[in-house]
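final_0.cif (mmCIF, C-alpha atoms)
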data_entry
loop_
_atom_site.label_atom_id
_atom_site.label_comp_id
_atom_site.auth_asym_id
_atom_site.auth_seq_id
_atom_site.Cartn_x
_atom_site.Cartn_y
_atom_site.Cartn_z
CA MET A 1 6.97 -44.12 32.90
CA THR A 2 4.76 -42.80 35.68
CA GLU A 3 3.42 -39.28 35.47
CA LYS A 4 5.34 -38.24 38.58
CA ARG A 5 8.59 -39.54 37.14
CA ALA A 6 7.99 -37.73 33.85
CA ARG A 7 7.28 -34.51 35.73
CA ASN A 8 10.42 -34.87 37.86
CA ARG A 9 12.44 -35.48 34.72
CA LEU A 10 11.00 -32.33 33.14
CA ILE A 11 11.80 -30.26 36.24
CA LEU A 12 15.35 -31.62 36.33
CA ALA A 13 15.79 -30.88 32.61
CA GLY A 14 14.44 -27.35 33.17
CA ILE A 15 16.94 -26.76 35.98
CA VAL A 16 19.86 -27.98 33.85
CA ILE A 17 18.71 -25.86 30.88
CA GLY A 18 18.30 -22.73 33.06
CA LEU A 19 21.79 -23.16 34.47
CA ILE A 20 23.29 -23.77 31.01
CA ALA A 21 21.65 -20.52 29.83
CA ALA A 22 23.21 -18.58 32.72
CA ILE A 23 26.63 -20.12 32.05
CA LEU A 24 26.48 -19.21 28.33
CA VAL A 25 26.04 -15.55 29.31
CA LEU A 26 28.99 -15.80 31.69
CA LEU A 27 31.09 -17.20 28.84
CA GLY A 28 30.23 -14.46 26.36
CA ASN A 29 26.62 -14.52 25.10
CA PRO A 30 24.71 -11.21 25.36
CA LYS A 31 23.04 -10.59 28.73
CA ASN A 32 19.80 -12.49 29.35
CA MET A 33 20.49 -14.31 26.07
CA GLY A 34 21.87 -17.70 26.97
CA PHE A 35 19.32 -18.82 24.43
CA CYS A 36 17.08 -16.86 22.08
CA LEU A 37 15.93 -18.87 19.11
CA ALA A 38 14.47 -15.93 17.18
CA CYS A 39 17.67 -13.92 17.75
CA PHE A 40 20.00 -16.83 17.03
CA VAL A 41 18.24 -17.89 13.82
CA ARG A 42 18.28 -14.21 12.78
CA ASP A 43 22.03 -14.04 13.53
CA THR A 44 22.60 -17.09 11.36
CA ALA A 45 20.54 -15.48 8.58
CA GLY A 46 22.85 -12.47 8.78
CA ALA A 47 25.99 -14.59 8.75
CA VAL A 48 24.99 -16.20 5.45
CA GLY A 49 24.20 -12.79 3.98
CA LEU A 50 20.39 -12.88 4.07
CA HIS A 51 20.40 -9.50 5.81
CA GLN A 52 23.01 -6.76 6.15
CA ALA A 53 22.60 -5.65 9.78
CA ALA A 54 26.29 -5.77 10.71
CA VAL A 55 25.69 -6.08 14.46
CA VAL A 56 23.66 -9.33 14.32
CA GLN A 57 25.62 -11.73 12.12
CA TYR A 58 26.98 -14.98 13.54
CA ILE A 59 26.33 -18.66 12.89
CA ARG A 60 25.02 -19.58 16.34
CA PRO A 61 26.29 -23.03 17.38
CA GLU A 62 23.46 -23.31 19.91
CA VAL A 63 20.92 -23.67 17.07
CA ILE A 64 23.11 -26.25 15.33
CA GLY A 65 23.39 -28.16 18.61
CA LEU A 66 19.65 -28.03 19.33
CA VAL A 67 18.72 -29.59 16.00
CA LEU A 68 21.55 -32.14 15.99
CA GLY A 69 20.99 -33.03 19.67
CA ALA A 70 17.33 -33.74 19.00
CA PHE A 71 18.24 -35.60 15.79
CA VAL A 72 20.77 -37.94 17.45
CA VAL A 73 18.64 -38.63 20.52
CA SER A 74 15.53 -39.28 18.44
CA LEU A 75 17.54 -41.77 16.37
CA ILE A 76 18.81 -43.51 19.53
CA PHE A 77 15.32 -43.78 21.01
CA ARG A 78 13.75 -44.73 17.67
CA GLU A 79 11.67 -41.58 17.64
CA PHE A 80 13.09 -40.17 14.41
CA LYS A 81 10.00 -40.05 12.22
CA PRO A 82 10.33 -38.40 8.82
CA ARG A 83 6.95 -36.86 8.11
CA GLY A 84 5.33 -33.75 6.70
CA GLY A 85 2.70 -32.40 4.36
CA SER A 86 0.57 -30.59 6.94
CA SER A 87 0.01 -27.18 5.28
CA PRO A 88 3.71 -26.35 4.71
CA MET A 89 3.20 -22.87 3.25
CA ILE A 90 0.91 -21.85 6.11
CA ARG A 91 3.57 -23.06 8.54
CA PHE A 92 6.19 -21.04 6.65
CA VAL A 93 4.07 -17.90 6.96
CA LEU A 94 3.38 -18.52 10.65
CA GLY A 95 7.11 -19.06 11.32
CA PHE A 96 7.87 -15.85 9.41
CA PHE A 97 5.53 -13.72 11.55
CA VAL A 98 6.45 -15.47 14.82
CA SER A 99 10.02 -14.40 14.15
CA ILE A 100 9.01 -10.80 13.42
CA GLY A 101 6.81 -10.64 16.55
CA ALA A 102 9.70 -11.97 18.63
CA LEU A 103 12.11 -9.42 17.15
CA VAL A 104 9.71 -6.57 17.92
CA PHE A 105 9.65 -7.79 21.54
CA LEU A 106 13.36 -8.66 21.32
CA GLY A 107 13.26 -12.31 22.27
CA CYS A 108 11.57 -15.65 21.69
CA PRO A 109 9.57 -17.23 24.56
CA PHE A 110 12.76 -18.89 25.83
CA ARG A 111 14.55 -15.53 26.07
CA MET A 112 11.43 -14.01 27.61
CA ILE A 113 11.89 -16.37 30.57
CA LEU A 114 15.62 -15.62 30.71
CA ARG A 115 14.94 -11.87 30.62
CA LEU A 116 12.53 -12.31 33.49
CA ALA A 117 15.18 -14.28 35.37
CA GLY A 118 17.55 -11.35 34.86
CA GLY A 119 15.06 -8.97 36.50
CA ASP A 120 13.79 -7.44 33.24
CA LEU A 121 10.18 -6.55 34.08
CA ASN A 122 9.38 -5.78 30.43
CA ALA A 123 9.33 -9.56 30.03
CA ILE A 124 6.28 -9.73 32.33
CA VAL A 125 4.43 -7.53 29.85
CA GLY A 126 5.66 -9.88 27.11
CA LEU A 127 4.47 -12.87 29.13
CA PHE A 128 0.97 -11.35 29.37
CA GLY A 129 0.96 -10.85 25.60
CA PHE A 130 2.29 -14.39 25.01
CA SER A 131 -0.38 -15.88 27.30
CA ALA A 132 -3.12 -13.81 25.61
CA GLY A 133 -1.95 -15.06 22.22
CA ILE A 134 -2.01 -18.64 23.48
CA GLY A 135 -5.49 -18.08 24.91
CA ALA A 136 -6.68 -16.80 21.52
CA GLY A 137 -5.13 -19.83 19.82
CA VAL A 138 -6.87 -22.17 22.26
CA VAL A 139 -10.24 -20.67 21.27
CA PHE A 140 -9.59 -21.80 17.69
CA LEU A 141 -8.23 -25.21 18.81
CA LYS A 142 -11.42 -25.85 20.78
CA ARG A 143 -13.47 -25.01 17.70
CA GLY A 144 -11.61 -27.55 15.59
CA TYR A 145 -8.59 -25.64 14.22
CA SER A 146 -6.22 -27.96 12.37
CA LEU A 147 -3.50 -27.65 9.72
CA LYS A 148 -4.50 -31.17 8.62
CA ARG A 149 -2.52 -34.38 8.88
CA THR A 150 1.13 -35.16 8.37
CA TYR A 151 2.19 -38.20 6.37
CA PRO A 152 5.28 -40.44 6.49
CA LEU A 153 8.10 -39.31 4.19
CA SER A 154 11.53 -40.62 3.21
CA PRO A 155 14.34 -40.50 5.80
CA LEU A 156 16.26 -38.02 3.63
CA GLU A 157 13.31 -35.61 3.63
CA GLY A 158 13.28 -35.69 7.43
CA ALA A 159 17.05 -35.35 7.70
CA TRP A 160 17.50 -32.18 5.64
CA LEU A 161 17.51 -29.62 8.44
CA PRO A 162 20.03 -31.65 10.52
CA LEU A 163 22.21 -31.98 7.39
CA VAL A 164 22.05 -28.22 6.84
CA GLN A 165 23.24 -27.76 10.44
CA VAL A 166 26.32 -29.89 9.71
CA ALA A 167 27.07 -27.63 6.73
CA LEU A 168 26.58 -24.52 8.89
CA LEU A 169 28.95 -25.95 11.51
CA ALA A 170 31.58 -26.48 8.81
CA LEU A 171 31.11 -22.88 7.61
CA LEU A 172 31.42 -21.61 11.18
CA VAL A 173 34.63 -23.49 11.83
CA VAL A 174 36.25 -22.81 8.44
CA ALA A 175 34.96 -19.20 8.40
CA PRO A 176 35.36 -18.49 4.66
CA PRO A 177 35.34 -14.77 3.73
CA PHE A 178 31.76 -14.84 2.38
CA ILE A 179 30.42 -15.72 5.84
CA LEU A 180 29.76 -12.53 7.80
CA PHE A 181 30.66 -12.23 11.48
CA SER A 182 29.75 -9.18 13.57
CA GLU A 183 32.66 -7.24 14.99
CA LYS A 184 30.48 -5.30 17.42
CA GLY A 185 26.97 -5.53 18.86
CA PRO A 186 25.07 -8.64 20.02
CA GLY A 187 26.36 -10.74 17.09
CA SER A 188 29.94 -10.28 18.27
CA MET A 189 29.08 -11.50 21.77
CA HIS A 190 29.21 -15.24 22.07
CA ALA A 191 30.54 -18.07 24.17
CA PRO A 192 33.32 -20.22 22.60
CA ILE A 193 32.06 -22.35 19.70
CA ILE A 194 32.65 -25.67 21.44
CA THR A 195 30.80 -24.54 24.59
CA SER A 196 27.85 -23.15 22.64
CA LEU A 197 27.66 -26.31 20.54
CA ALA A 198 27.81 -28.57 23.59
CA ALA A 199 25.15 -26.45 25.31
CA GLY A 200 22.91 -26.69 22.24
CA LEU A 201 23.41 -30.46 21.99
CA ALA A 202 22.57 -30.93 25.68
CA VAL A 203 19.49 -28.72 25.58
CA GLY A 204 18.38 -30.28 22.28
CA ALA A 205 18.64 -33.76 23.78
CA LEU A 206 16.83 -32.76 26.98
CA ALA A 207 14.09 -30.91 25.12
CA GLN A 208 13.56 -33.89 22.80
CA ARG A 209 13.20 -36.34 25.67
CA THR A 210 10.96 -34.11 27.80
CA ARG A 211 8.89 -32.53 24.94
CA LEU A 212 9.65 -29.16 26.51
CA CYS A 213 7.63 -26.37 24.91
CA MET A 214 7.26 -22.81 26.13
CA ALA A 215 3.84 -22.36 24.50
CA GLY A 216 2.60 -25.89 25.24
CA GLY A 217 2.88 -25.38 29.00
CA ILE A 218 0.48 -22.42 29.12
CA ARG A 219 -1.72 -23.97 26.41
CA ASP A 220 -2.18 -27.22 28.36
CA VAL A 221 -3.06 -25.31 31.53
CA ILE A 222 -5.77 -23.34 29.69
CA LEU A 223 -7.08 -26.34 27.73
CA PHE A 224 -6.84 -29.26 30.14
CA GLN A 225 -5.78 -27.74 33.47
CA ASP A 226 -2.66 -29.88 32.97
CA TRP A 227 0.35 -28.29 34.71
CA ASN A 228 2.96 -30.87 33.63
CA LEU A 229 4.61 -28.96 30.76
CA MET A 230 4.49 -25.73 32.77
CA MET A 231 6.87 -27.31 35.29
CA GLY A 232 9.70 -27.22 32.75
CA PHE A 233 8.97 -23.57 31.99
CA GLU A 234 9.03 -22.72 35.70
CA ALA A 235 12.15 -24.79 36.42
CA ILE A 236 14.08 -22.92 33.70
CA PHE A 237 13.02 -19.62 35.25
CA VAL A 238 14.01 -20.61 38.78
CA ALA A 239 17.36 -22.11 37.74
CA ALA A 240 18.27 -19.13 35.53
CA LEU A 241 17.20 -16.76 38.33
CA VAL A 242 19.37 -18.57 40.88
CA GLY A 243 22.26 -18.69 38.38
CA ASN A 244 21.92 -14.95 37.69
CA LEU A 245 21.71 -14.09 41.39
CA ILE A 246 24.86 -16.12 42.13
CA LEU A 247 26.70 -14.48 39.21
CA ASN A 248 25.41 -11.08 40.28
CA ALA A 249 26.75 -11.58 43.80
CA THR A 250 30.13 -12.86 42.61
CA VAL A 251 30.87 -11.23 39.23
CA GLY A 252 28.23 -8.46 39.20
CA GLY A 253 25.89 -7.15 36.49
CA TYR A 254 23.72 -10.22 35.99
CA PHE A 255 20.51 -9.15 37.72
CA ASN A 256 18.83 -5.77 37.50
CA LEU A 257 15.21 -5.56 38.65
CA GLY A 258 13.25 -2.94 36.72
CA PHE A 259 12.16 -1.73 33.28
CA LEU A 260 15.11 0.43 32.26
CA PRO A 261 17.91 0.05 31.46
CA GLN A 262 17.83 -3.63 30.45
CA PRO A 263 20.19 -5.48 28.12
CA VAL A 264 18.92 -5.88 24.52
CA ALA A 265 15.39 -4.81 25.48
CA HIS A 266 12.99 -1.91 25.15
CA SER A 267 10.32 -0.74 27.55
CA ASP A 268 7.45 0.09 25.18
CA GLY A 269 4.77 -1.94 26.95
CA LEU A 270 2.19 -1.98 24.14
CA TRP A 271 4.61 -3.40 21.57
CA ASN A 272 6.21 -5.81 24.02
CA PHE A 273 2.68 -7.10 24.62
CA LEU A 274 1.60 -7.20 20.97
CA GLY A 275 4.90 -8.66 19.72
CA MET A 276 4.58 -11.60 22.10
CA LEU A 277 0.84 -11.87 21.39
CA VAL A 278 1.76 -12.69 17.79
CA VAL A 279 4.37 -15.19 19.02
CA GLY A 280 1.88 -16.88 21.39
CA LEU A 281 -0.89 -17.15 18.81
CA GLY A 282 1.50 -18.29 16.10
CA SER A 283 3.07 -20.91 18.38
CA VAL A 284 -0.31 -22.45 19.21
CA LEU A 285 -1.35 -22.44 15.54
CA LEU A 286 1.95 -24.18 14.73
CA GLY A 287 1.66 -26.70 17.57
CA GLY A 288 4.80 -25.51 19.38
CA CYS A 289 7.10 -22.60 20.24
CA PRO A 290 10.26 -21.78 18.23
CA LEU A 291 12.36 -24.10 20.44
CA ARG A 292 9.92 -26.97 19.89
CA GLN A 293 9.95 -26.33 16.12
CA LEU A 294 13.74 -26.78 16.06
CA ILE A 295 13.46 -29.95 18.11
CA MET A 296 10.70 -31.43 15.93
CA ALA A 297 12.72 -30.54 12.83
CA GLY A 298 15.52 -32.63 14.38
CA GLU A 299 13.02 -35.47 14.91
CA GLY A 300 12.31 -35.55 11.18
CA SER A 301 9.36 -33.18 10.80
CA SER A 302 9.73 -31.40 7.48
CA ASP A 303 6.76 -29.22 8.51
CA SER A 304 8.83 -27.90 11.40
CA ALA A 305 11.85 -27.55 9.11
CA ILE A 306 9.74 -25.34 6.82
CA THR A 307 8.66 -23.36 9.89
CA VAL A 308 12.32 -22.81 10.80
CA ILE A 309 13.02 -21.62 7.24
CA GLY A 310 10.08 -19.22 7.70
CA MET A 311 11.68 -17.99 10.93
CA LEU A 312 15.01 -17.58 9.10
CA LEU A 313 13.41 -15.49 6.36
CA GLY A 314 11.31 -13.61 8.94
CA GLY A 315 14.48 -12.72 10.86
CA ALA A 316 16.21 -11.56 7.68
CA THR A 317 13.17 -9.52 6.61
CA ALA A 318 12.92 -7.94 10.06
CA HIS A 319 16.39 -6.47 9.58
CA ASN A 320 16.25 -5.79 5.83
CA PHE A 321 13.15 -3.64 6.30
CA GLY A 322 13.87 -2.14 9.73
CA LEU A 323 11.10 -4.06 11.49
CA ALA A 324 13.13 -5.33 14.46
CA SER A 325 13.10 -3.12 17.54
CA ALA A 326 16.27 -1.47 18.79
CA ALA A 327 17.28 -1.80 22.41
CA HIS A 328 16.38 1.21 24.56
CA THR A 329 19.47 3.05 25.71
CA ILE A 330 19.81 6.25 27.68
CA THR A 331 22.61 8.55 26.53
CA ASP A 332 23.01 11.92 28.26
CA GLY A 333 19.48 11.62 29.58
CA VAL A 334 18.01 10.96 26.10
CA LEU A 335 16.17 7.69 25.47
CA THR A 336 16.86 6.13 22.08
CA GLY A 337 15.71 2.89 20.46
CA GLY A 338 12.43 1.04 20.86
CA PRO A 339 10.02 -0.44 18.32
CA THR A 340 10.01 0.97 14.78
CA GLY A 341 7.05 2.18 12.73
CA GLY A 342 7.61 -0.65 10.26
CA GLY A 343 7.79 -3.17 13.11
CA LYS A 344 4.45 -1.99 14.47
CA VAL A 345 2.81 -2.31 11.05
CA ALA A 346 4.36 -5.78 10.59
CA VAL A 347 3.01 -6.97 13.95
CA ILE A 348 -0.51 -5.79 13.07
CA ILE A 349 -0.27 -7.46 9.64
CA GLY A 350 1.03 -10.63 11.31
CA LEU A 351 -1.90 -10.64 13.71
CA ILE A 352 -4.42 -10.19 10.89
CA VAL A 353 -2.76 -12.92 8.80
CA MET A 354 -2.76 -15.33 11.76
CA VAL A 355 -6.43 -14.74 12.56
CA PHE A 356 -7.20 -15.22 8.87
CA ILE A 357 -5.25 -18.52 8.86
CA ALA A 358 -6.93 -19.64 12.08
CA VAL A 359 -10.46 -18.85 10.87
CA LEU A 360 -9.97 -20.52 7.49
CA ASN A 361 -8.56 -23.67 9.09
CA THR A 362 -11.16 -24.01 11.81
CA LYS A 363 -13.92 -26.48 11.19
CA ARG A 364 -15.95 -27.68 14.10
CA VAL A 365 -15.57 -31.43 14.51
CA ALA A 366 -19.04 -32.82 14.97
CA VAL A 367 -19.36 -35.19 17.91
CA SER A 368 -20.73 -37.80 15.53
CA SER A 369 -17.41 -37.86 13.68
CA VAL A 370 -15.64 -39.44 16.63
CA LYS A 371 -18.26 -42.15 16.99
CA GLU A 372 -18.34 -45.73 15.85
CA GLY A 373 -15.36 -46.45 13.71
CA ALA A 374 -15.14 -42.97 12.26
CA VAL A 375 -12.01 -41.92 10.50
CA LEU A 376 -11.62 -38.17 10.75
CA MET B 377 -17.16 -48.33 20.56
CA LYS B 378 -16.02 -44.80 19.80
CA GLU B 379 -12.92 -44.81 17.63
CA ILE B 380 -10.69 -41.83 16.88
CA ASP B 381 -8.03 -41.65 14.22
CA ALA B 382 -5.59 -39.01 15.49
CA ARG B 383 -2.66 -40.14 13.34
CA GLY B 384 -0.74 -37.29 11.79
CA LEU B 385 -2.40 -34.59 13.86
CA SER B 386 -0.31 -31.96 15.66
CA CYS B 387 -0.43 -31.62 19.42
CA PRO B 388 -2.73 -31.02 21.20
CA GLN B 389 -5.38 -32.08 18.67
CA PRO B 390 -5.30 -35.82 19.62
CA VAL B 391 -6.04 -34.91 23.24
CA ILE B 392 -8.79 -32.47 22.25
CA LEU B 393 -10.49 -35.18 20.18
CA LEU B 394 -10.12 -37.65 23.04
CA LYS B 395 -11.56 -35.13 25.49
CA GLN B 396 -14.59 -34.71 23.22
CA ALA B 397 -15.01 -38.45 22.86
CA LEU B 398 -14.81 -39.07 26.62
CA ALA B 399 -17.14 -36.19 27.49
CA ASP B 400 -20.16 -38.47 27.96
CA GLN B 401 -18.03 -41.08 29.76
CA PRO B 402 -18.34 -44.09 27.44
CA GLN B 403 -17.30 -47.49 28.84
CA THR B 404 -14.68 -47.90 26.10
CA CYS B 405 -12.97 -45.85 23.45
CA LYS B 406 -10.23 -46.52 20.92
CA ILE B 407 -7.71 -43.94 19.69
CA TRP B 408 -4.99 -44.29 17.04
CA VAL B 409 -1.87 -42.12 17.30
CA ASP B 410 1.45 -42.23 15.45
CA HIS B 411 3.72 -40.01 17.50
CA PRO B 412 5.35 -40.59 20.92
CA THR B 413 4.23 -37.18 22.21
CA ALA B 414 0.62 -37.81 21.22
CA ARG B 415 0.80 -41.25 22.84
CA GLU B 416 2.10 -39.85 26.13
CA ASN B 417 -0.37 -36.97 26.18
CA THR B 418 -3.43 -39.09 25.37
CA LEU B 419 -2.41 -41.73 27.93
CA ARG B 420 -2.00 -39.06 30.60
CA PHE B 421 -5.35 -37.49 29.79
CA ALA B 422 -7.09 -40.89 29.76
CA ALA B 423 -5.62 -41.79 33.16
CA HIS B 424 -6.85 -38.48 34.62
CA ALA B 425 -10.29 -39.09 33.12
CA GLY B 426 -10.44 -42.48 34.89
CA TYR B 427 -9.59 -44.83 32.00
CA LYS B 428 -7.00 -47.59 31.74
CA ALA B 429 -5.34 -48.35 28.43
CA ASP B 430 -4.40 -51.45 26.47
CA ILE B 431 -1.62 -50.54 24.06
CA LEU B 432 -1.23 -52.22 20.69
CA GLU B 433 1.65 -51.22 18.44
CA GLN B 434 1.18 -51.79 14.73
CA GLY B 435 4.00 -50.67 12.48
CA GLY B 436 4.66 -47.05 13.44
CA ASP B 437 1.10 -46.61 14.73
CA VAL B 438 -0.20 -47.14 18.24
CA CYS B 439 -3.75 -48.10 19.11
CA LEU B 440 -4.89 -47.30 22.64
CA THR B 441 -8.00 -49.12 23.76
CA LEU B 442 -9.36 -47.27 26.76
CA SER B 443 -11.80 -48.71 29.25
CA LYS B 444 -13.29 -47.28 32.40
CA LYS B 445 -11.37 -48.20 35.56
#

Would it be possible to restate this file's structure as structure tokens?
Amino acid sequence: MTEKRARNRLILAGIVIGLIAAILVLLGNPKNMGFCLACFVRDTAGAVGLHQAAVVQYIRPEVIGLVLGAFVVSLIFREFKPRGGSSPMIRFVLGFFVSIGALVFLGCPFRMILRLAGGDLNAIVGLFGFSAGIGAGVVFLKRGYSLKRTYPLSPLEGAWLPLVQVALLALLVVAPPFILFSEKGPGSMHAPIITSLAAGLAVGALAQRTRLCMAGGIRDVILFQDWNLMMGFEAIFVAALVGNLILNATVGGYFNLGFLPQPVAHSDGLWNFLGMLVVGLGSVLLGGCPLRQLIMAGEGSSDSAITVIGMLLGGATAHNFGLASAAHTITDGVLTGGPTGGGKVAVIIGLIVMVFIAVLNTKRVAVSSVKEGAVL
Amino acid sequence: MKEIDARGLSCPQPVILLKQALADQPQTCKIWVDHPTARENTLRFAAHAGYKADILEQGGDVCLTLSKK
């Protein structure tokens, strides 16, 4: 496939994904949250009882669809490759802190774009933090950062996360009493199951084929001045923006330019910046953003599956220990919500842990090691 | 000929290694990858750097032999 064709395909996929995100909000998802992988994985953690925050508990079909969509499409195109063994515990820890950073900001990189497309200017501050984190990660990549190689594994090993999604889908549909569903708050707001699942499957398939990655786009621009992956990022923004503007003109309430009030967001600039800094750095150290981790888990990467489990536990921990920020709301002129003390400490710890991981896994590759028949 | 084994490495490490290997513009270079994304990314980088590629698939691995256009 020519480069131009691949780029056009990525732009088209981005447009479709942006529109799907806008439609999911119209059909019931929280505002500016057609997709939010950190939030949705956290909601699923709550639904299976890993945390007790009653307002964010729901098995999100979008996540199930993303993994299964990538799984099925990778099987069809013979790209399902069960593999793993590249520093799994480090990946778990990185996934854990990426999730906490995202929940201090209140959104993964995907939702950051959707928030921006809804006029939420706090997301620009988040984007600066995300880009700074990616820039920091690139410094380590250039110096030889690596979590070492993956190795081929059995098909069952690579299929575990997709299989777990099938089980989660069954639990969602059957809804036994031990599965918790929010009755109010963001967890209670969702599009119909079948729509959310179909949206997840479509986006999962598109993201698998186009290698869409929110962190990879900025990373490739900094590293190689390669704007290809960024096109997908930009197309999602433009399509979601257009979708929101159309909905705003027809239904109302879908676009509000400013810092406050914004749906499921806070306006503490420092912690919006630092939360996304952790997400950006962690995503580069992992080799992909939270969306990409779900897609690669669907393609058979048990390393990415472990990362997703880290995100799941990170999401649960963020709510068990009051680390996740609360949305800013203004009641009778009084501003409530924002980042918590624990969340701030967790972000700083996450940053320190990530730098520690990056330094300890950075070994400059001597030029001689890529010469004459060398095996690295 | 320079030869890089980038099998099993996460993105964008294969491209970083290739960039290092092509820095002094060798006439030829060989790189092994084992993942479709790494294959696409290294091919794209090589094309931008002015190299054409012969592709040899061996099992699940792909060997790209790059030579200056």

Exercise for review: Mind checking which residues fall within 9 Å of Ala425 (chain B), counting all atoms listed in the file, ignoring those fewer than 6 positions away in the same chain, and posting them as a VMD selection string?
Suggested key: chain B and resid 395 398 401 444

Check your understanding: Residues at most 10 Å from Pro263 (chain A), counting all atoms listed in the file, excluding those fewer than 6 positions away in the same chain, as a ChimeraX atom specification?
Key -> /A:30-33,115,118,120,186,254,256,327-329

**Study point:** Surrounding residues of Gly101 (chain A) excluding itself and chain neighbours under 4 positions, 8 Å, only C-alpha atoms, as a list in words
**Key:** Phe97, Phe105, Leu274, Gly275, Met276, Leu277, Val278, Val279, Val347 and Gly350 of chain A

**Study point:** For chain A, the nearest of the candidates B:Thr441, B:Ser386, B:Asn417, B:Thr404, counting all atoms listed in the file
**Key:**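 Among B:Thr441, B:Ser386, B:Asn417, B:Thr404, it is B:Ser386 that comes nearest to chain A.
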
Exercise for review: Give me the residues within 6 Å of Arg149 (chain A) as a PyMOL selection string, counting only C-alpha atoms and dropping any in the same chain fewer than 3 places off.
Suggested key: (chain A and resi 86) or (chain B and resi 384-385)

Output region 338-355 of chain A as a JSON list (two decimals), in the frame of the given file, making sure N, CA and C atoms are there.
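part.json, freshly written:
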[["chain", "number", "residue", "atom", "x", "y", "z"],
["A", 338, "GLY", "N", 13.84, 1.40, 20.74],
["A", 338, "GLY", "CA", 12.43, 1.04, 20.86],
["A", 338, "GLY", "C", 11.90, 0.46, 19.57],
["A", 339, "PRO", "N", 10.60, 0.15, 19.53],
["A", 339, "PRO", "CA", 10.02, -0.44, 18.32],
["A", 339, "PRO", "C", 9.99, 0.58, 17.18],
["A", 340, "THR", "N", 10.03, 0.08, 15.95],
["A", 340, "THR", "CA", 10.01, 0.97, 14.78],
["A", 340, "THR", "C", 8.60, 1.03, 14.20],
["A", 341, "GLY", "N", 8.35, 2.06, 13.39],
["A", 341, "GLY", "CA", 7.05, 2.18, 12.73],
["A", 341, "GLY", "C", 6.76, 0.96, 11.88],
["A", 342, "GLY", "N", 7.78, 0.53, 11.12],
["A", 342, "GLY", "CA", 7.61, -0.65, 10.26],
["A", 342, "GLY", "C", 7.32, -1.89, 11.08],
["A", 343, "GLY", "N", 8.00, -2.01, 12.23],
["A", 343, "GLY", "CA", 7.79, -3.17, 13.11],
["A", 343, "GLY", "C", 6.36, -3.23, 13.62],
["A", 344, "LYS", "N", 5.82, -2.04, 13.96],
["A", 344, "LYS", "CA", 4.45, -1.99, 14.47],
["A", 344, "LYS", "C", 3.46, -2.44, 13.39],
["A", 345, "VAL", "N", 3.69, -1.93, 12.17],
["A", 345, "VAL", "CA", 2.81, -2.31, 11.05],
["A", 345, "VAL", "C", 2.91, -3.83, 10.81],
["A", 346, "ALA", "N", 4.15, -4.36, 10.85],
["A", 346, "ALA", "CA", 4.36, -5.78, 10.59],
["A", 346, "ALA", "C", 3.66, -6.65, 11.63],
["A", 347, "VAL", "N", 3.68, -6.20, 12.89],
["A", 347, "VAL", "CA", 3.01, -6.97, 13.95],
["A", 347, "VAL", "C", 1.50, -7.00, 13.71],
["A", 348, "ILE", "N", 0.94, -5.85, 13.34],
["A", 348, "ILE", "CA", -0.51, -5.79, 13.07],
["A", 348, "ILE", "C", -0.85, -6.69, 11.88],
["A", 349, "ILE", "N", -0.03, -6.60, 10.82],
["A", 349, "ILE", "CA", -0.27, -7.46, 9.64],
["A", 349, "ILE", "C", -0.17, -8.93, 10.05],
["A", 350, "GLY", "N", 0.85, -9.25, 10.86],
["A", 350, "GLY", "CA", 1.03, -10.63, 11.31],
["A", 350, "GLY", "C", -0.18, -11.14, 12.07],
["A", 351, "LEU", "N", -0.71, -10.27, 12.92],
["A", 351, "LEU", "CA", -1.90, -10.64, 13.71],
["A", 351, "LEU", "C", -3.10, -10.91, 12.80],
["A", 352, "ILE", "N", -3.29, -10.02, 11.83],
["A", 352, "ILE", "CA", -4.42, -10.19, 10.89],
["A", 352, "ILE", "C", -4.24, -11.48, 10.09],
["A", 353, "VAL", "N", -3.03, -11.71, 9.61],
["A", 353, "VAL", "CA", -2.76, -12.92, 8.80],
["A", 353, "VAL", "C", -3.02, -14.18, 9.65],
["A", 354, "MET", "N", -2.58, -14.15, 10.90],
["A", 354, "MET", "CA", -2.76, -15.33, 11.76],
["A", 354, "MET", "C", -4.23, -15.60, 12.05],
["A", 355, "VAL", "N", -4.99, -14.55, 12.31],
["A", 355, "VAL", "CA", -6.43, -14.74, 12.56],
["A", 355, "VAL", "C", -7.09, -15.28, 11.31]]
